[in-house]
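A.B. asks: What follows is coords.cif, made up of mmCIF, C-alpha atoms:
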data_protein
loop_
_atom_site.label_atom_id
_atom_site.label_comp_id
_atom_site.auth_asym_id
_atom_site.auth_seq_id
_atom_site.Cartn_x
_atom_site.Cartn_y
_atom_site.Cartn_z
CA MET A 321 23.74 2.60 17.81
CA GLY A 322 22.10 -0.72 17.15
CA GLY A 323 20.64 -2.28 14.06
CA ARG A 324 17.38 -1.37 12.36
CA VAL A 325 14.49 -3.74 11.95
CA VAL A 326 12.76 -3.44 8.58
CA THR A 327 9.44 -5.26 8.26
CA VAL A 328 8.24 -6.08 4.75
CA THR A 329 4.48 -6.51 4.66
CA SER A 330 1.56 -6.10 2.27
CA GLY A 331 -1.80 -7.49 3.31
CA LYS A 332 -2.39 -9.15 0.00
CA GLY A 333 -0.49 -12.34 -0.78
CA GLY A 334 1.60 -12.82 -3.86
CA VAL A 335 2.59 -9.20 -4.41
CA GLY A 336 6.30 -9.73 -3.88
CA LYS A 337 7.11 -9.55 -0.15
CA THR A 338 9.42 -12.53 -0.12
CA THR A 339 11.16 -11.45 -3.31
CA THR A 340 11.55 -7.98 -1.83
CA THR A 341 12.93 -9.29 1.47
CA ALA A 342 15.44 -11.51 -0.33
CA ASN A 343 16.57 -8.71 -2.61
CA LEU A 344 16.81 -6.09 0.12
CA GLY A 345 18.84 -8.53 2.22
CA VAL A 346 21.25 -9.17 -0.61
CA ALA A 347 21.43 -5.51 -1.67
CA LEU A 348 22.17 -4.36 1.89
CA ALA A 349 24.85 -7.04 2.17
CA ARG A 350 26.37 -5.75 -1.07
CA LEU A 351 26.59 -2.34 0.60
CA GLY A 352 28.72 -3.96 3.26
CA LYS A 353 26.05 -4.20 5.94
CA LYS A 354 25.60 -7.05 8.38
CA VAL A 355 22.13 -8.40 7.71
CA VAL A 356 19.79 -11.02 9.16
CA MET A 357 16.65 -11.93 7.24
CA ILE A 358 13.79 -13.58 9.13
CA ASP A 359 11.04 -15.59 7.47
CA ALA A 360 8.14 -14.81 9.80
CA ASP A 361 5.58 -16.94 8.00
CA ILE A 362 4.86 -19.75 10.45
CA GLY A 363 3.99 -22.83 8.48
CA LEU A 364 4.74 -21.73 4.92
CA ARG A 365 8.45 -21.52 4.48
CA ASN A 366 9.59 -19.69 1.33
CA LEU A 367 12.35 -17.16 1.94
CA ASP A 368 14.85 -20.02 2.08
CA ILE A 369 14.08 -21.38 -1.37
CA VAL A 370 14.11 -17.95 -3.00
CA MET A 371 17.55 -17.39 -1.46
CA GLY A 372 18.88 -20.77 -2.55
CA LEU A 373 19.41 -21.85 1.05
CA GLU A 374 16.74 -24.53 1.22
CA ASN A 375 19.03 -27.48 1.83
CA ARG A 376 20.95 -25.83 4.67
CA ILE A 377 18.14 -25.62 7.25
CA VAL A 378 18.83 -27.26 10.57
CA TYR A 379 16.95 -25.09 13.05
CA ASP A 380 14.20 -22.54 12.50
CA LEU A 381 12.51 -19.57 14.17
CA VAL A 382 10.23 -21.72 16.34
CA ASP A 383 13.21 -23.79 17.56
CA VAL A 384 14.81 -20.55 18.73
CA VAL A 385 11.66 -19.18 20.36
CA GLU A 386 10.98 -22.45 22.15
CA GLY A 387 14.55 -22.76 23.34
CA ARG A 388 15.63 -25.80 21.36
CA ALA A 389 18.32 -23.82 19.59
CA LYS A 390 20.36 -20.70 20.13
CA VAL A 391 19.82 -17.92 17.59
CA LYS A 392 23.21 -18.45 15.97
CA GLN A 393 22.46 -22.12 15.41
CA ALA A 394 19.37 -21.22 13.38
CA MET A 395 21.10 -18.52 11.33
CA ILE A 396 22.10 -19.81 7.89
CA LYS A 397 25.06 -17.98 6.42
CA HIS A 398 24.89 -16.99 2.75
CA LYS A 399 27.51 -18.57 0.48
CA GLN A 400 28.52 -15.29 -1.15
CA PHE A 401 28.14 -12.81 1.72
CA PRO A 402 29.58 -13.90 5.05
CA ASP A 403 27.58 -11.18 6.83
CA LEU A 404 24.18 -12.14 5.39
CA TYR A 405 22.08 -14.61 7.33
CA LEU A 406 18.65 -16.19 7.18
CA ILE A 407 16.51 -17.46 10.04
CA PRO A 408 14.04 -19.75 8.28
CA ALA A 409 10.38 -20.21 9.10
CA ALA A 410 9.09 -23.30 10.80
CA GLN A 411 6.89 -25.78 9.01
CA THR A 412 4.58 -26.19 11.98
CA ARG A 413 0.88 -25.48 11.61
CA ASP A 414 0.66 -23.93 15.09
CA LYS A 415 0.35 -20.23 14.40
CA SER A 416 0.58 -19.40 18.10
CA ALA A 417 4.10 -20.83 18.39
CA VAL A 418 5.57 -17.32 18.07
CA SER A 419 4.26 -14.17 19.77
CA PRO A 420 4.91 -10.49 19.10
CA ALA A 421 6.90 -10.35 22.35
CA ASP A 422 9.08 -13.23 21.16
CA MET A 423 9.88 -11.30 18.00
CA VAL A 424 10.72 -8.12 19.92
CA GLN A 425 13.04 -10.05 22.22
CA LEU A 426 14.77 -11.82 19.34
CA CYS A 427 15.28 -8.59 17.43
CA ASN A 428 16.63 -6.79 20.47
CA GLU A 429 19.30 -9.46 20.67
CA LEU A 430 20.09 -9.26 16.98
CA ARG A 431 20.23 -5.47 16.99
CA LYS A 432 23.38 -5.56 19.09
CA GLU A 433 25.39 -7.22 16.38
CA TYR A 434 23.70 -6.62 13.02
CA ASP A 435 23.00 -3.48 11.00
CA PHE A 436 19.71 -4.58 9.47
CA ILE A 437 17.14 -7.18 10.37
CA VAL A 438 14.73 -7.66 7.48
CA ILE A 439 11.52 -9.49 8.33
CA ASP A 440 9.40 -11.17 5.69
CA SER A 441 5.84 -10.83 6.99
CA PRO A 442 3.23 -13.40 5.99
CA ALA A 443 0.23 -12.27 4.00
CA GLY A 444 -2.90 -11.39 5.94
CA ILE A 445 -3.52 -9.35 9.04
CA GLU A 446 -3.54 -11.94 11.79
CA ARG A 447 -0.93 -13.20 14.21
CA GLY A 448 1.93 -13.63 11.76
CA PHE A 449 1.53 -10.06 10.55
CA ARG A 450 1.40 -8.76 14.14
CA ASN A 451 4.51 -10.79 14.97
CA ALA A 452 6.39 -9.24 12.07
CA LEU A 453 5.17 -5.76 12.92
CA ALA A 454 5.99 -5.76 16.64
CA PRO A 455 9.76 -5.19 16.46
CA ALA A 456 9.70 -2.92 13.38
CA ASP A 457 11.65 0.35 13.16
CA ASP A 458 10.95 0.77 9.45
CA ILE A 459 7.96 -0.67 7.68
CA VAL A 460 7.82 -1.25 3.97
CA ILE A 461 4.50 -2.06 2.33
CA VAL A 462 4.73 -3.92 -0.95
CA THR A 463 1.84 -3.64 -3.34
CA ASN A 464 0.97 -4.00 -7.01
CA PRO A 465 -0.78 -1.35 -9.12
CA GLU A 466 -4.00 -3.35 -9.00
CA VAL A 467 -7.28 -2.73 -7.14
CA SER A 468 -7.34 -5.62 -4.68
CA ALA A 469 -3.69 -5.23 -3.72
CA VAL A 470 -4.07 -1.49 -3.10
CA ARG A 471 -7.22 -2.00 -1.07
CA ASP A 472 -5.48 -4.52 1.17
CA ALA A 473 -2.46 -2.22 1.50
CA ASP A 474 -4.78 0.50 2.75
CA ARG A 475 -6.17 -1.82 5.41
CA VAL A 476 -2.66 -2.67 6.56
CA ILE A 477 -1.76 1.01 6.76
CA GLY A 478 -4.74 1.50 9.06
CA LEU A 479 -3.65 -1.39 11.28
CA ILE A 480 -0.12 -0.07 11.47
CA GLU A 481 -1.39 3.34 12.55
CA ALA A 482 -3.62 1.68 15.14
CA GLU A 483 -0.51 0.09 16.62
CA ASN A 484 1.15 3.53 16.73
CA LYS A 485 3.81 2.37 14.33
CA GLY A 486 4.96 3.77 11.03
CA PRO A 487 4.63 5.74 8.88
CA ALA A 488 5.18 2.94 6.43
CA ARG A 489 6.66 3.52 3.01
CA LEU A 490 5.51 2.00 -0.25
CA ILE A 491 7.21 -0.31 -2.73
CA LEU A 492 5.17 -0.47 -5.90
CA ASN A 493 6.07 -3.81 -7.45
CA ARG A 494 5.42 -5.26 -10.90
CA VAL A 495 4.99 -1.94 -12.65
CA LYS A 496 4.48 -2.25 -16.41
CA MET A 497 5.26 1.17 -17.83
CA ASP A 498 3.74 0.48 -21.23
CA MET A 499 0.41 -0.20 -19.54
CA VAL A 500 0.75 2.88 -17.33
CA ARG A 501 1.40 4.99 -20.43
CA LYS A 502 -1.71 3.61 -22.10
CA GLY A 503 -3.76 4.38 -19.01
CA GLU A 504 -4.38 0.70 -18.36
CA MET A 505 -2.40 0.50 -15.12
CA MET A 506 -2.27 2.86 -12.16
CA SER A 507 0.93 4.85 -11.79
CA ALA A 508 3.01 5.28 -8.65
CA ASP A 509 1.48 8.75 -8.26
CA ASP A 510 -2.02 7.27 -8.45
CA VAL A 511 -1.24 4.69 -5.78
CA THR A 512 0.53 7.08 -3.40
CA ASP A 513 -2.35 9.56 -3.83
CA ILE A 514 -4.80 6.87 -2.85
CA LEU A 515 -2.83 5.41 0.05
CA GLY A 516 -1.33 8.62 1.42
CA ILE A 517 2.11 7.17 2.15
CA LYS A 518 5.46 7.99 0.61
CA LEU A 519 7.10 5.89 -2.07
CA ILE A 520 10.41 4.26 -1.25
CA GLY A 521 10.70 2.53 -4.62
CA MET A 522 9.13 1.17 -7.79
CA VAL A 523 10.13 -2.18 -9.22
CA PRO A 524 9.40 -2.94 -12.87
CA ASP A 525 7.74 -6.19 -13.80
CA ASP A 526 10.59 -8.43 -14.81
CA GLU A 527 10.60 -12.03 -16.01
CA GLY A 528 14.14 -12.18 -14.71
CA VAL A 529 12.72 -12.37 -11.18
CA VAL A 530 11.24 -15.79 -11.96
CA SER A 531 14.51 -17.08 -13.41
CA ALA A 532 16.32 -15.67 -10.41
CA SER A 533 14.05 -17.54 -7.98
CA ASN A 534 14.44 -20.67 -10.07
CA ASN A 535 18.17 -20.43 -9.51
CA GLY A 536 17.98 -19.26 -5.92
CA SER A 537 19.93 -16.14 -6.80
CA PRO A 538 18.04 -12.86 -6.18
CA VAL A 539 18.07 -10.29 -9.02
CA ALA A 540 19.83 -7.71 -6.88
CA LEU A 541 22.96 -9.74 -7.51
CA ASP A 542 22.64 -9.16 -11.24
CA ASP A 543 24.10 -5.82 -12.34
CA LYS A 544 22.29 -6.01 -15.66
CA SER A 545 18.84 -6.48 -14.11
CA ARG A 546 16.52 -3.47 -13.97
CA SER A 547 14.43 -4.92 -11.19
CA GLY A 548 17.71 -5.69 -9.42
CA GLN A 549 18.72 -2.06 -9.83
CA ALA A 550 15.40 -0.95 -8.36
CA TYR A 551 15.94 -3.16 -5.30
CA ARG A 552 19.51 -1.92 -4.92
CA ASN A 553 18.22 1.66 -4.95
CA ILE A 554 15.62 0.85 -2.31
CA ALA A 555 18.31 -0.66 -0.11
CA ARG A 556 20.33 2.53 -0.42
CA ARG A 557 17.29 4.60 0.55
CA LEU A 558 16.72 2.36 3.57
CA ASN A 559 20.29 3.07 4.47
CA GLY A 560 19.52 6.80 4.49
CA GLU A 561 20.85 7.72 1.07
CA GLU A 562 18.90 9.93 -1.35
CA VAL A 563 18.63 8.10 -4.64
CA SER A 564 16.58 9.47 -7.52
CA PHE A 565 13.92 7.17 -8.90
CA MET A 566 14.82 5.14 -11.96
CA GLN A 567 13.39 6.22 -15.25
CA LEU A 568 11.35 3.05 -15.71
CA ASP A 569 9.96 4.31 -18.96
CA SER A 570 12.98 4.01 -21.22
CA SER A 571 11.21 5.51 -24.20
CA SER A 572 9.14 8.37 -22.88
CA GLY A 573 10.52 11.26 -24.88
CA LEU A 574 8.38 13.22 -27.33
CA PHE A 575 10.43 12.17 -30.34
CA THR A 576 10.02 8.55 -29.44
CA LYS A 577 6.28 9.07 -29.23
CA ILE A 578 6.27 10.66 -32.68
CA GLY A 579 8.37 7.80 -33.95
CA ARG A 580 5.77 5.35 -32.69
CA LEU A 581 3.02 7.23 -34.52
CA PHE A 582 4.72 6.49 -37.79
CA GLY A 583 4.92 2.81 -37.11
CA GLY A 584 8.12 2.76 -35.07
CA LYS A 585 8.49 0.52 -32.01
CA MET B 1234 -8.65 2.49 -31.63
CA SER B 1235 -6.67 5.46 -30.45
CA SER B 1236 -6.77 8.76 -32.25
CA PHE B 1237 -3.73 10.64 -33.58
CA TRP B 1238 -3.78 13.00 -30.63
CA GLU B 1239 -4.21 10.25 -28.06
CA ARG B 1240 -1.21 8.42 -29.35
CA LEU B 1241 0.84 11.60 -29.37
CA PHE B 1242 -0.11 12.97 -26.01
CA GLY B 1243 -1.29 9.94 -24.08
CA ARG B 1244 -4.71 9.55 -22.55
CA ALA B 1245 -7.66 11.42 -24.05
CA PRO B 1246 -9.00 13.65 -21.29
CA ASP B 1247 -12.66 13.00 -21.96
CA LYS B 1248 -12.52 9.20 -21.93
CA GLU B 1249 -12.08 7.35 -18.67
CA ASN B 1250 -9.41 4.71 -19.10
CA SER B 1251 -9.21 1.73 -16.80
CA ALA B 1252 -6.47 3.22 -14.59
CA SER B 1253 -8.63 6.27 -13.84
CA ALA B 1254 -11.61 4.02 -13.21
CA ALA B 1255 -9.52 1.96 -10.81
CA LYS B 1256 -8.35 5.05 -8.95
CA ARG B 1257 -11.84 6.50 -8.71
CA ARG B 1258 -13.35 3.22 -7.53
CA LEU B 1259 -10.61 2.69 -4.97
CA GLN B 1260 -11.01 6.18 -3.54
CA PHE B 1261 -14.70 5.54 -3.03
CA VAL B 1262 -14.41 2.08 -1.56
CA LEU B 1263 -11.64 3.16 0.79
CA VAL B 1264 -13.82 5.86 2.31
CA HIS B 1265 -16.16 3.09 3.39
CA ASP B 1266 -13.40 0.68 4.40
CA ARG B 1267 -11.68 3.29 6.53
CA ILE B 1268 -14.76 4.66 8.20
CA ASN B 1269 -15.55 1.21 9.49
CA LEU B 1270 -19.27 1.81 9.83
CA PRO B 1271 -21.23 -1.42 9.46
CA PRO B 1272 -23.98 -1.21 6.82
CA ASP B 1273 -26.84 -1.29 9.35
CA ILE B 1274 -25.35 1.66 11.25
CA MET B 1275 -24.82 3.53 7.96
CA ALA B 1276 -28.47 2.89 7.05
CA ALA B 1277 -29.66 4.11 10.46
CA MET B 1278 -27.55 7.28 10.12
CA LYS B 1279 -28.94 8.02 6.67
CA GLN B 1280 -32.50 7.52 7.86
CA GLU B 1281 -32.05 9.86 10.80
CA ILE B 1282 -30.53 12.54 8.54
CA LEU B 1283 -33.49 12.18 6.26
CA ASP B 1284 -35.97 12.42 9.16
CA VAL B 1285 -34.42 15.68 10.33
CA ILE B 1286 -34.42 17.24 6.85
CA SER B 1287 -38.01 16.12 6.33
CA LYS B 1288 -39.08 18.18 9.35
CA TYR B 1289 -38.14 21.35 7.48
CA VAL B 1290 -38.77 20.58 3.83
CA GLN B 1291 -40.95 18.20 1.92
CA VAL B 1292 -38.52 15.75 0.36
CA ASN B 1293 -38.82 13.71 -2.77
CA GLU B 1294 -37.99 10.33 -1.25
CA ASP B 1295 -37.26 8.62 -4.55
CA SER B 1296 -34.42 10.89 -5.58
CA ILE B 1297 -32.48 11.04 -2.32
CA ASP B 1298 -28.83 10.12 -2.33
CA ILE B 1299 -26.72 10.12 0.82
CA ALA B 1300 -23.20 8.86 0.23
CA LEU B 1301 -19.64 9.05 1.44
CA HIS B 1302 -17.24 10.68 -0.97
CA PRO B 1303 -13.49 11.00 -0.86
CA SER B 1304 -12.26 14.55 -0.46
CA GLU B 1305 -9.73 16.17 -2.78
CA GLY B 1306 -6.23 16.59 -1.42
CA ASP B 1307 -6.74 16.40 2.34
CA ASN B 1308 -7.32 13.29 4.36
CA LEU B 1309 -10.92 14.05 5.18
CA ASN B 1310 -13.98 12.48 3.72
CA LEU B 1311 -17.30 14.02 2.77
CA LEU B 1312 -20.80 12.97 3.63
CA VAL B 1313 -22.74 14.27 0.65
CA ALA B 1314 -26.51 14.34 0.85
CA GLU B 1315 -28.47 15.15 -2.29
CA VAL B 1316 -32.00 15.75 -1.15
CA PRO B 1317 -34.36 17.11 -3.78
CA PHE B 1318 -37.27 18.81 -2.05
CA ILE B 1319 -40.52 20.27 -3.20
CA LYS B 1320 -41.26 23.00 -0.76
CA SER B 1321 -40.67 24.21 2.73
CA ARG B 1322 -42.81 22.87 5.53
CA MET B 1323 -42.29 26.01 7.62
CA MET B 1324 -44.76 28.95 7.63
CA PRO B 1325 -43.04 32.33 7.28
CA LYS B 1326 -43.02 34.21 10.63
CA PRO B 1327 -45.08 37.45 10.73
CA ASP B 1328 -42.94 40.56 10.99
CA LEU B 1329 -44.02 44.01 12.37
CA GLU B 1330 -42.17 45.94 9.65
CA GLU B 1331 -43.85 43.96 6.89
CA ASP B 1332 -47.28 44.75 8.31
CA ASP B 1333 -46.40 48.44 8.31
CA ASP B 1334 -45.46 48.31 4.62
CA LEU B 1335 -48.69 46.52 3.75
CA ASP B 1336 -50.67 49.18 5.59
CA ASP B 1337 -48.93 51.86 3.56
CA LEU B 1338 -49.72 50.09 0.33
CA GLU B 1339 -53.37 49.60 1.18
CA ASN B 1340 -53.84 53.07 2.50
CA PRO B 1341 -51.50 55.16 0.49
CA VAL B 1342 -51.05 58.65 1.61
CA ALA B 1343 -52.21 60.76 -1.15
#
Translate this structure into structure tokens?
C.D. replies:
Amino acid sequence: MGGRVVTVTSGKGGVGKTTTTANLGVALARLGKKVVMIDADIGLRNLDIVMGLENRIVYDLVDVVEGRAKVKQAMIKHKQFPDLYLIPAAQTRDKSAVSPADMVQLCNELRKEYDFIVIDSPAGIERGFRNALAPADDIVIVTNPEVSAVRDADRVIGLIEAENKGPARLILNRVKMDMVRKGEMMSADDVTDILGIKLIGMVPDDEGVVSASNNGSPVALDDKSRSGQAYRNIARRLNGEEVSFMQLDSSSGLFTKIGRLFGGK
Amino acid sequence: MSSFWERLFGRAPDKENSASAAKRRLQFVLVHDRINLPPDIMAAMKQEILDVISKYVQVNEDSIDIALHPSEGDNLNLLVAEVPFIKSRMMPKPDLEEDDDLDDLENPVA
């Protein structure tokens, strides 16, 4: 059968690609899958630190591409999941060190042995993005319910179509339901209407994500975390399961609204 | 300050909140982003449209608006031209039947 390559991209920086990649990797591993995550940002390494694997790097993606290391030598095994690996980014400033063809070749090798290869795309629409896109079977676009992020996501959708890839699916990250209710933040329906792609998941804004990064332990490992639950659901959908969307708005009933009118929370 | 009804049922339909403004603005800007027409080409297109319309009607140049709009539901976009005009530039064509009627009117059969 062969593994699936999932590329996580966005256009805009800072919307949550790396967090998403880390959490999808961990969530898929929790489902028993064999997973390799690739940090495709040449020059700005960050998937490693979010995963808590920053002091285990020996070889990186560029070492593999340029033949200084075999793939397995660059793959860092996760402490908790023996079938979850990371190939870290290089710290070189030479953006041309990796080509789309290199990525396709690498992924073809990895597909033989692993169920999922999750690629953290860099921000932007240049070489790094094209590298991450080239081997993709599934493409996930991460965006925030915010004008500049959505605009950039639209541009990326256009570029993906131009490459005859896709259709991509949307992860709407950092949703604040109280703001959506007040009409001060776009909803998932608003964003999918605008972009014309299907939603694969919504992740609530969660301070726990920051603490999780601080500790190098992605929220998908935390059963009590709502953002973790959202990521776990997305992983299940990627795996072909139908999972209903979380009720992000925990207090949306009519009686709760009436309660609030009379000064309730 | 939100009214009783707004707080009970959510957004007031007649006021545009910031989320609706964002959606509306994005839909407009994306029409332009996606169409990928550079501004000078857009300007040339608009001018040519105007030149053609002006051949047939006398336009009020100050109140012309030619813009790209998003379309509801489907994936198409609309080029919407609002061209207020004063009167037609074309003369009506003479018609044999009309002449006959006029003759009858001028020379009614008793």
A.B. asks: Kindly resolve the PyMOL selection byres ((chain A) within 9 of (chain B)) on the present coordinates and return the residues as a PyMOL selection string.
C.D. replies: chain A and resi 466-468+470-471+474-475+478+500-507+510-511+513-516+574+577-578+580-581
A.B. asks: Could you write those residues out with C-alpha atoms, as a CSV table (one decimal), in the coordinates of the input?
C.D. replies:
chain,number,residue,atom,x,y,z
A,466,GLU,CA,-4.0,-3.4,-9.0
A,467,VAL,CA,-7.3,-2.7,-7.1
A,468,SER,CA,-7.3,-5.6,-4.7
A,470,VAL,CA,-4.1,-1.5,-3.1
A,471,ARG,CA,-7.2,-2.0,-1.1
A,474,ASP,CA,-4.8,0.5,2.8
A,475,ARG,CA,-6.2,-1.8,5.4
A,478,GLY,CA,-4.7,1.5,9.1
A,500,VAL,CA,0.8,2.9,-17.3
A,501,ARG,CA,1.4,5.0,-20.4
A,502,LYS,CA,-1.7,3.6,-22.1
A,503,GLY,CA,-3.8,4.4,-19.0
A,504,GLU,CA,-4.4,0.7,-18.4
A,505,MET,CA,-2.4,0.5,-15.1
A,506,MET,CA,-2.3,2.9,-12.2
A,507,SER,CA,0.9,4.8,-11.8
A,510,ASP,CA,-2.0,7.3,-8.4
A,511,VAL,CA,-1.2,4.7,-5.8
A,513,ASP,CA,-2.4,9.6,-3.8
A,514,ILE,CA,-4.8,6.9,-2.8
A,515,LEU,CA,-2.8,5.4,0.0
A,516,GLY,CA,-1.3,8.6,1.4
A,574,LEU,CA,8.4,13.2,-27.3
A,577,LYS,CA,6.3,9.1,-29.2
A,578,ILE,CA,6.3,10.7,-32.7
A,580,ARG,CA,5.8,5.4,-32.7
A,581,LEU,CA,3.0,7.2,-34.5
A.B. asks: State, in Å with one decimal place, the distance from CA of Asp542 (chain A) to CA of Lys496 (chain A).
C.D. replies: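 Taking CA of Asp542 (chain A) as the start and CA of Lys496 (chain A) as the end point, the length is 20.1 Å.
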A.B. asks: Once the PyMOL selection byres ((chain A and resi 431-440) around 8) has been evaluated on this model, what residues remain selected, and can you format them as an NGL selection string?
C.D. replies: :A and (322-329 or 337-338 or 341 or 344-345 or 348 or 353-361 or 367 or 427-430 or 441-442 or 452)
A.B. asks: Carefully work through the PyMOL selection byres ((chain A and resi 371) around 7) for this structure and note down the residues it includes, as a list of chain:residue names.
C.D. replies: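 Evaluating the PyMOL selection byres ((chain A and resi 371) around 7) on this file yields A:Ala342, A:Leu367, A:Asp368, A:Ile369, A:Val370, A:Gly372, A:Leu373, A:Gly536, A:Ser537, A:Pro538.
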A.B. asks: Let's have the selection written as a tab-separated table (two decimals), keeping the file's coordinate frame, with C-alpha atoms.
C.D. replies:
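result19.tsv was written with the following content:
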chain	number	residue	atom	x	y	z
A	342	ALA	CA	15.44	-11.51	-0.33
A	367	LEU	CA	12.35	-17.16	1.94
A	368	ASP	CA	14.85	-20.02	2.08
A	369	ILE	CA	14.08	-21.38	-1.37
A	370	VAL	CA	14.11	-17.95	-3.00
A	372	GLY	CA	18.88	-20.77	-2.55
A	373	LEU	CA	19.41	-21.85	1.05
A	536	GLY	CA	17.98	-19.26	-5.92
A	537	SER	CA	19.93	-16.14	-6.80
A	538	PRO	CA	18.04	-12.86	-6.18
A.B. asks: Restricting the calculation to all atoms listed in the file: of A:Ala532, A:Met497, A:Val462, A:Leu558, which residue gets closest to Lys332 (chain A)?
C.D. replies: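 Checking each candidate against Lys332 (chain A), we get A:Val462 as the closest.
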A.B. asks: B:Val1285, B:Val1292, B:Ile1268, B:Lys1279: which is nearest Val1316 (chain B), counting all atoms listed in the file?
C.D. replies: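 Smallest distance to Val1316 (chain B) is found for B:Val1292.
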A.B. asks: Record the distance separating CA of Leu1312 (chain B) and CA of Asp509 (chain A), expressed in Å with one decimal.
C.D. replies: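 Value for the CA of Leu1312 (chain B)-CA of Asp509 (chain A) distance: 25.6 Å.
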A.B. asks: When you look at Pro487 (chain A) with a cut-off of 12 Å (counting only C-alpha atoms), what residues show up, excluding the ones that are within fewer than 6 positions of it in the same chain? I need them as an NGL selection string.
C.D. replies: :A and (456-461 or 476-481 or 515-520)
A.B. asks: I'd like to know which of A:Pro455, A:Gly528, A:Gly521, A:Gly331 is closest to Val563 (chain A), using all atoms listed in the file.
C.D. replies: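 Looking at the shortest contact to Val563 (chain A), the residue is A:Gly521.
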A.B. asks: If you count all atoms listed in the file, which residues fall within 6 Å of Arg494 (chain A), apart from same-chain ones fewer than 4 positions away, as number ranges by chain?
C.D. replies: A: 523-525
A.B. asks: Can you work out the spacing between CA of Leu492 (chain A) and CA of Val424 (chain A) in Å, to one decimal?
C.D. replies: 27.5 Å
A.B. asks: Could you give me, as a list in words, the residues within 7 Å of Gln1291 (chain B), counting only C-alpha atoms and dropping anything in the same chain fewer than 5 positions from it?
C.D. replies: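 Residues near the query, excluding close chain neighbours: Phe1318, Ile1319, Lys1320, Ser1321 and Arg1322 of chain B.
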A.B. asks: Generate the coordinates of N, CA and C atoms for region 1286-1299 of chain B; report them as a PDB file, in the coordinates of the input.
C.D. replies:
ATOM      1  N   ILE B1286     -34.186  16.347   7.999  1.00  0.00           N
ATOM      2  CA  ILE B1286     -34.420  17.240   6.850  1.00  0.00           C
ATOM      3  C   ILE B1286     -35.904  17.311   6.529  1.00  0.00           C
ATOM      4  N   SER B1287     -36.581  16.183   6.646  1.00  0.00           N
ATOM      5  CA  SER B1287     -38.010  16.120   6.330  1.00  0.00           C
ATOM      6  C   SER B1287     -38.849  16.989   7.263  1.00  0.00           C
ATOM      7  N   LYS B1288     -38.329  17.308   8.446  1.00  0.00           N
ATOM      8  CA  LYS B1288     -39.080  18.180   9.350  1.00  0.00           C
ATOM      9  C   LYS B1288     -39.191  19.596   8.773  1.00  0.00           C
ATOM     10  N   TYR B1289     -38.205  19.968   7.960  1.00  0.00           N
ATOM     11  CA  TYR B1289     -38.140  21.350   7.480  1.00  0.00           C
ATOM     12  C   TYR B1289     -38.607  21.511   6.045  1.00  0.00           C
ATOM     13  N   VAL B1290     -38.357  20.492   5.228  1.00  0.00           N
ATOM     14  CA  VAL B1290     -38.770  20.580   3.830  1.00  0.00           C
ATOM     15  C   VAL B1290     -39.447  19.281   3.427  1.00  0.00           C
ATOM     16  N   GLN B1291     -40.266  19.389   2.389  1.00  0.00           N
ATOM     17  CA  GLN B1291     -40.950  18.200   1.920  1.00  0.00           C
ATOM     18  C   GLN B1291     -40.063  17.526   0.878  1.00  0.00           C
ATOM     19  N   VAL B1292     -39.521  16.362   1.239  1.00  0.00           N
ATOM     20  CA  VAL B1292     -38.520  15.750   0.360  1.00  0.00           C
ATOM     21  C   VAL B1292     -39.150  14.831  -0.651  1.00  0.00           C
ATOM     22  N   ASN B1293     -38.429  14.673  -1.751  1.00  0.00           N
ATOM     23  CA  ASN B1293     -38.820  13.710  -2.770  1.00  0.00           C
ATOM     24  C   ASN B1293     -38.042  12.427  -2.478  1.00  0.00           C
ATOM     25  N   GLU B1294     -38.699  11.511  -1.775  1.00  0.00           N
ATOM     26  CA  GLU B1294     -37.990  10.330  -1.250  1.00  0.00           C
ATOM     27  C   GLU B1294     -37.305   9.487  -2.320  1.00  0.00           C
ATOM     28  N   ASP B1295     -37.827   9.491  -3.524  1.00  0.00           N
ATOM     29  CA  ASP B1295     -37.260   8.620  -4.550  1.00  0.00           C
ATOM     30  C   ASP B1295     -35.899   9.098  -5.040  1.00  0.00           C
ATOM     31  N   SER B1296     -35.670  10.406  -4.984  1.00  0.00           N
ATOM     32  CA  SER B1296     -34.420  10.890  -5.580  1.00  0.00           C
ATOM     33  C   SER B1296     -33.346  11.237  -4.568  1.00  0.00           C
ATOM     34  N   ILE B1297     -33.477  10.722  -3.349  1.00  0.00           N
ATOM     35  CA  ILE B1297     -32.480  11.040  -2.320  1.00  0.00           C
ATOM     36  C   ILE B1297     -31.218  10.211  -2.511  1.00  0.00           C
ATOM     37  N   ASP B1298     -30.075  10.872  -2.327  1.00  0.00           N
ATOM     38  CA  ASP B1298     -28.830  10.120  -2.330  1.00  0.00           C
ATOM     39  C   ASP B1298     -27.958  10.622  -1.194  1.00  0.00           C
ATOM     40  N   ILE B1299     -27.641   9.741  -0.259  1.00  0.00           N
ATOM     41  CA  ILE B1299     -26.720  10.120   0.820  1.00  0.00           C
ATOM     42  C   ILE B1299     -25.538   9.180   0.739  1.00  0.00           C
TER      43      ILE B1299
END
